[in-house]
Amino acid sequence: MTLSDRLRAVFVDALELPGDVDVENLTYRDIEQWDSLGHMTLVAAVEDEFDVQLETDQVIDLSSFKVALDMLRGLGVDE
Amino acid sequence: MSELTGRVALVTGGTRGIGAATARALARAGATVVVTGRDAGRAAESAGEFGGYGLALDVGDFDAVGALVRQVVSDHGGLDVLVANAGIMDTGLLGMIRADDVRRTLDVNVAGTVAAVQAAGRAMARRRRDADGTERRGGSMVLLASVVGTFGAAGQSVYAASKAAVAALARSAARELGPRGVRVNAVAPGVIRTDLTAALPTEVLDRQAVAAALGRLGDAEEVADVIRFLAGDGARYVTGQVLGVDGGLVP
């Protein structure tokens with residue numbers, strides 16, 4: 001499974017997304033599930049799945065699937 | 001097995017007074033305890049007394065607080081208990097308070113506590129496993145408010161304001177973090193014999209002792225015992241509370 005696939009699965013699971021959501025183009029507050037509370041659930045899930053700890057600025061900056069993907073690559077998470 | 005066996009606890013400002021007594025109480029209850037202090041050597045020495053770990057931290061440095069919590073999680077595999085104890089107490093009558101003194105008190109007592117709660121909340125929301133493989137999430141935080149945050153005290157306006165903010169933070173954080181299994185409470189000590197209160201005039205301490213229903217000042221261990229209770233599973237349905245530990249300072 002690629003990094004992108006794993007991250008997609010984390011988004012779907014953490015935000016309880018229906019199957020037809022275009023996760024790759026999702027941005028913060030696009031949908032009801034990704035509100036501030038959902039964001040913290042998502043951050044915890046990302047940290048769990050990829051065994052990383054995000055800094056506060058990174059938590060705030062994590063505003064889309066694409067940003068999250070780039071962030072994980074920047075943290076050296078294997079593809 | 002003790003109540004907190006297998007749990008990781010972080011006590012900021014844990015090198016003396018209520019913080020040190022709390023660190024010892026948590027260690028006695030079985031927790032792995034990390035204490036912080038402004039001086040690394042002092043923190044290590046204090047932690048060494050009960051087999052814990054000591055780290056240097058200036059709680060007034062917002063980013064450093066988050067980094068330290070991440071280090072504790074990396075070193076010990078998670079965080080279960082936060083005791084946000086670090087604080088400073090400047091006294092000064094109105095009309096004689098400098099802006100820098102206000103900022104420093106708010107940086108340490110309020111912003112530093114916010115930073116600790118924020119970072120610890122995220123750490124506690126993460127999955128981790130007990131030694132037997134059982135998965136768990138959540139945790140418990142105890143913040144240090146003060147009786148003066150509720151009732152006020154002449155000459156302590158800034159300190160009182162900062163401690164009122166801590167109480168409000170505990171209540172708000174409890175609401176926000178409760179859904180993720182994290183409890184947040186505060187204790188509001190009365191006048192406790194510590195280095196912090198040693199700076200107060202004797203007549204003030206005597207007056208406070210008489211004002212308490214129990215007729216005496218408190219000891220750090222008496223506050224630590226309440227914090228240990230709030231940190232443990234005995235208080236598993238208690239959150240958002242500010243509990244006075246003041247010998248009965250009823251107005």
# chains A, B, ... in the order shown; residues from 1 in each chain; ligands from 1

$ residues_around --residues "B:Arg42" --least-positions-apart "2" --cutoff "12 Å" --atoms "only C-alpha atoms" --output "list in words"
Gly13, Gly14, Thr15, Arg16, Ala20, Val35, Thr36, Gly37, Arg38, Asp39, Ala40, Ala44, Glu45, Ser46, Ala47, Gly48, Glu49, Tyr53, Gly54, Leu55, Ala56 and Leu57 of chain B

$ select_by_dssp --residues "stretch 1-31 of chain A" --states "alpha helix (DSSP H)" --output "JSON, numbers by chain"
{"A": [3, 4, 5, 6, 7, 8, 9, 10, 11, 12, 13, 14]}

$ closest_atom_pairs --of "chain B" --to "chain A" --cutoff "7 Å" --atoms "only C-alpha atoms" --output "Markdown table"
| residue | atom | partner | partner_atom | distance |
| --- | --- | --- | --- | --- |
| B:Arg70 | CA | A:Gln53 | CA | 6.7 |
| B:Arg122 | CA | A:Ala44 | CA | 6.5 |
| B:Ala125 | CA | A:Ala44 | CA | 6.3 |
| B:Arg126 | CA | A:Ala44 | CA | 5.5 |
| B:Arg127 | CA | A:Asp48 | CA | 6.6 |

$ write_last_selection --atoms "N, CA and C atoms" --output "PDB file, in the first residue's frame"
ATOM      1  N   ARG B  70       6.504  16.057  23.530  1.00  0.00           N
ATOM      2  CA  ARG B  70       6.818  15.101  22.460  1.00  0.00           C
ATOM      3  C   ARG B  70       8.002  14.230  22.853  1.00  0.00           C
ATOM      4  N   ARG B 122      -3.120  16.083  22.968  1.00  0.00           N
ATOM      5  CA  ARG B 122      -2.889  15.344  21.721  1.00  0.00           C
ATOM      6  C   ARG B 122      -2.217  14.009  22.012  1.00  0.00           C
ATOM      7  N   ALA B 125      -4.652  11.533  23.448  1.00  0.00           N
ATOM      8  CA  ALA B 125      -5.671  11.075  22.494  1.00  0.00           C
ATOM      9  C   ALA B 125      -5.164   9.944  21.624  1.00  0.00           C
ATOM     10  N   ARG B 126      -3.856   9.704  21.657  1.00  0.00           N
ATOM     11  CA  ARG B 126      -3.288   8.662  20.792  1.00  0.00           C
ATOM     12  C   ARG B 126      -3.450   7.274  21.408  1.00  0.00           C
ATOM     13  N   ARG B 127      -3.513   6.273  20.518  1.00  0.00           N
ATOM     14  CA  ARG B 127      -3.586   4.882  20.963  1.00  0.00           C
ATOM     15  C   ARG B 127      -2.267   4.449  21.580  1.00  0.00           C
TER      16      ARG B 127
END

$ atom_distance --atom1 "atom CA of B:Arg171" --atom2 "atom CA of B:Ala119"
17.0 Å

$ residues_around --residues "B:Thr113" --least-positions-apart "3" --cutoff "12 Å" --atoms "only C-alpha atoms" --output "ChimeraX atom specification"
/B:11-13,58-66,82-88,105-110,116-121,141-145,162-163,165-170,173,186

$ write_last_selection --atoms "C-alpha atoms" --output "compact mmCIF listing (two decimals), in the first residue's frame"
# COMPACT_ATOMS: atom_id res chain seq x y z
CA VAL B 11 4.93 16.99 36.48
CA THR B 12 6.05 20.47 35.47
CA GLY B 13 7.80 22.43 38.17
CA ASP B 58 11.21 26.97 31.03
CA VAL B 59 7.41 26.83 30.99
CA GLY B 60 7.39 30.44 29.80
CA ASP B 61 8.75 29.19 26.47
CA PHE B 62 5.56 28.10 24.70
CA ASP B 63 7.21 26.05 21.95
CA ALA B 64 9.61 24.37 24.36
CA VAL B 65 6.68 22.96 26.35
CA GLY B 66 5.27 21.19 23.30
CA LEU B 82 -0.07 15.65 33.28
CA VAL B 83 0.29 17.75 36.39
CA ALA B 84 0.74 21.33 35.18
CA ASN B 85 2.23 22.70 38.34
CA ALA B 86 4.95 25.10 37.21
CA GLY B 87 4.13 28.66 38.14
CA ILE B 88 5.47 31.87 39.53
CA THR B 105 3.38 35.84 35.09
CA LEU B 106 0.86 35.28 32.28
CA ASP B 107 3.49 33.64 30.06
CA VAL B 108 4.41 31.08 32.71
CA ASN B 109 1.15 30.55 34.58
CA VAL B 110 -1.31 30.81 31.70
CA ALA B 116 1.16 21.84 28.27
CA VAL B 117 -2.56 21.03 28.08
CA GLN B 118 -2.57 21.34 24.30
CA ALA B 119 0.43 19.07 23.77
CA ALA B 120 -0.58 16.57 26.43
CA GLY B 121 -4.14 16.45 25.10
CA MET B 141 -4.62 16.28 33.68
CA VAL B 142 -4.51 18.21 36.92
CA LEU B 143 -3.82 21.93 36.72
CA LEU B 144 -2.70 24.08 39.61
CA ALA B 145 -5.12 26.91 40.27
CA SER B 162 -3.50 34.12 36.21
CA LYS B 163 -4.86 31.41 38.51
CA ALA B 165 -7.45 31.79 34.06
CA VAL B 166 -6.06 28.35 34.91
CA ALA B 167 -9.37 27.36 36.52
CA ALA B 168 -11.25 28.51 33.42
CA LEU B 169 -8.79 26.61 31.26
CA ALA B 170 -9.43 23.42 33.21
CA ALA B 173 -10.31 21.83 28.30
CA ALA B 186 -7.70 21.65 38.77

$ residues_around --residues "A:Leu62" --least-positions-apart "3" --cutoff "9 Å" --atoms "only C-alpha atoms" --output "list in words"
Thr27, Tyr28, His39, Val43, Asp57, Gln58, Val59, Phe65, Lys66, Val67, Ala68 and Met71 of chain A

$ select_by_dssp --residues "stretch 20-194 of chain B" --states "strand (DSSP E)" --output "PyMOL selection string"
chain B and resi 32-37+53-56+81-84+128-129+135-136+139-144+182-189+192-193

$ write_last_selection --atoms "N, CA and C atoms" --output "short mmCIF file (atom, residue, chain, number, x, y, z; two decimals), in the first residue's frame"
data_model
loop_
_atom_site.label_atom_id
_atom_site.label_comp_id
_atom_site.auth_asym_id
_atom_site.auth_seq_id
_atom_site.Cartn_x
_atom_site.Cartn_y
_atom_site.Cartn_z
N THR B 32 5.56 5.90 36.17
CA THR B 32 6.86 6.40 35.72
C THR B 32 6.73 7.91 35.66
N VAL B 33 7.56 8.62 36.41
CA VAL B 33 7.35 10.06 36.56
C VAL B 33 8.50 10.85 35.96
N VAL B 34 8.14 11.82 35.14
CA VAL B 34 9.09 12.78 34.58
C VAL B 34 8.81 14.12 35.22
N VAL B 35 9.84 14.72 35.81
CA VAL B 35 9.66 16.06 36.38
C VAL B 35 10.47 17.06 35.58
N THR B 36 9.97 18.27 35.53
CA THR B 36 10.74 19.33 34.88
C THR B 36 11.06 20.43 35.89
N GLY B 37 12.15 21.10 35.60
CA GLY B 37 12.54 22.26 36.38
C GLY B 37 13.35 23.18 35.48
N TYR B 53 12.61 10.63 36.17
CA TYR B 53 13.43 11.28 35.15
C TYR B 53 13.27 12.79 35.27
N GLY B 54 14.37 13.51 35.11
CA GLY B 54 14.32 14.97 35.22
C GLY B 54 14.73 15.64 33.93
N LEU B 55 13.99 16.66 33.52
CA LEU B 55 14.30 17.40 32.30
C LEU B 55 14.21 18.89 32.56
N ALA B 56 15.04 19.65 31.85
CA ALA B 56 15.00 21.10 31.98
C ALA B 56 13.88 21.68 31.13
N VAL B 81 -0.63 11.01 32.40
CA VAL B 81 -0.97 11.98 33.44
C VAL B 81 -0.12 13.23 33.25
N LEU B 82 -0.79 14.37 33.27
CA LEU B 82 -0.07 15.65 33.28
C LEU B 82 -0.45 16.40 34.56
N VAL B 83 0.54 16.83 35.28
CA VAL B 83 0.29 17.75 36.39
C VAL B 83 0.99 19.06 36.03
N ALA B 84 0.19 20.04 35.62
CA ALA B 84 0.74 21.33 35.18
C ALA B 84 0.88 22.21 36.42
N ARG B 128 -2.33 3.64 22.62
CA ARG B 128 -1.12 3.00 23.13
C ARG B 128 -1.54 1.70 23.82
N ARG B 129 -0.55 0.88 24.14
CA ARG B 129 -0.88 -0.44 24.67
C ARG B 129 -0.28 -0.65 26.05
N GLU B 135 -5.30 -2.24 24.50
CA GLU B 135 -5.20 -0.91 23.90
C GLU B 135 -5.95 0.11 24.75
N ARG B 136 -5.38 1.29 24.86
CA ARG B 136 -6.08 2.34 25.60
C ARG B 136 -5.81 3.70 24.99
N GLY B 139 -6.49 10.01 29.25
CA GLY B 139 -5.56 10.35 30.31
C GLY B 139 -6.19 11.33 31.27
N SER B 140 -5.38 11.85 32.14
CA SER B 140 -5.88 12.76 33.16
C SER B 140 -4.90 13.91 33.35
N MET B 141 -5.45 15.10 33.41
CA MET B 141 -4.62 16.28 33.68
C MET B 141 -5.11 16.94 34.97
N VAL B 142 -4.17 17.42 35.73
CA VAL B 142 -4.51 18.21 36.92
C VAL B 142 -3.72 19.51 36.83
N LEU B 143 -4.45 20.63 36.82
CA LEU B 143 -3.82 21.93 36.72
C LEU B 143 -3.79 22.58 38.11
N LEU B 144 -2.81 23.42 38.32
CA LEU B 144 -2.70 24.08 39.61
C LEU B 144 -3.29 25.48 39.55
N VAL B 182 -10.06 12.23 27.81
CA VAL B 182 -9.09 12.95 28.63
C VAL B 182 -9.84 13.78 29.67
N ARG B 183 -9.55 13.52 30.94
CA ARG B 183 -10.15 14.30 32.02
C ARG B 183 -9.23 15.46 32.39
N VAL B 184 -9.84 16.60 32.69
CA VAL B 184 -9.04 17.77 33.10
C VAL B 184 -9.67 18.37 34.34
N ASN B 185 -8.93 18.40 35.41
CA ASN B 185 -9.38 19.02 36.66
C ASN B 185 -8.31 19.97 37.16
N ALA B 186 -8.68 20.76 38.13
CA ALA B 186 -7.70 21.65 38.77
C ALA B 186 -7.84 21.53 40.28
N VAL B 187 -6.77 21.75 40.97
CA VAL B 187 -6.85 21.92 42.41
C VAL B 187 -6.55 23.38 42.72
N ALA B 188 -7.21 23.88 43.73
CA ALA B 188 -7.01 25.27 44.14
C ALA B 188 -6.51 25.26 45.59
N PRO B 189 -5.20 25.16 45.75
CA PRO B 189 -4.67 25.12 47.11
C PRO B 189 -4.90 26.44 47.84
N ILE B 192 -0.28 27.02 51.47
CA ILE B 192 0.47 25.78 51.70
C ILE B 192 1.91 26.17 52.02
N ARG B 193 2.49 25.49 52.99
CA ARG B 193 3.89 25.81 53.34
C ARG B 193 4.83 25.31 52.23
#

$ closest_residue --among "A:Leu17, A:Asp22, A:Glu32, A:Phe50" --to "A:Leu69" --atoms "only C-alpha atoms"
A:Phe50

$ atom_distance --atom1 "atom CA of A:Asp70" --atom2 "atom CA of A:Ser36"
21.0 Å

$ closest_residue --among "B:Leu249, B:Val238, B:Val191, B:Ala23" --to "B:Arg175" --atoms "only C-alpha atoms"
B:Val238
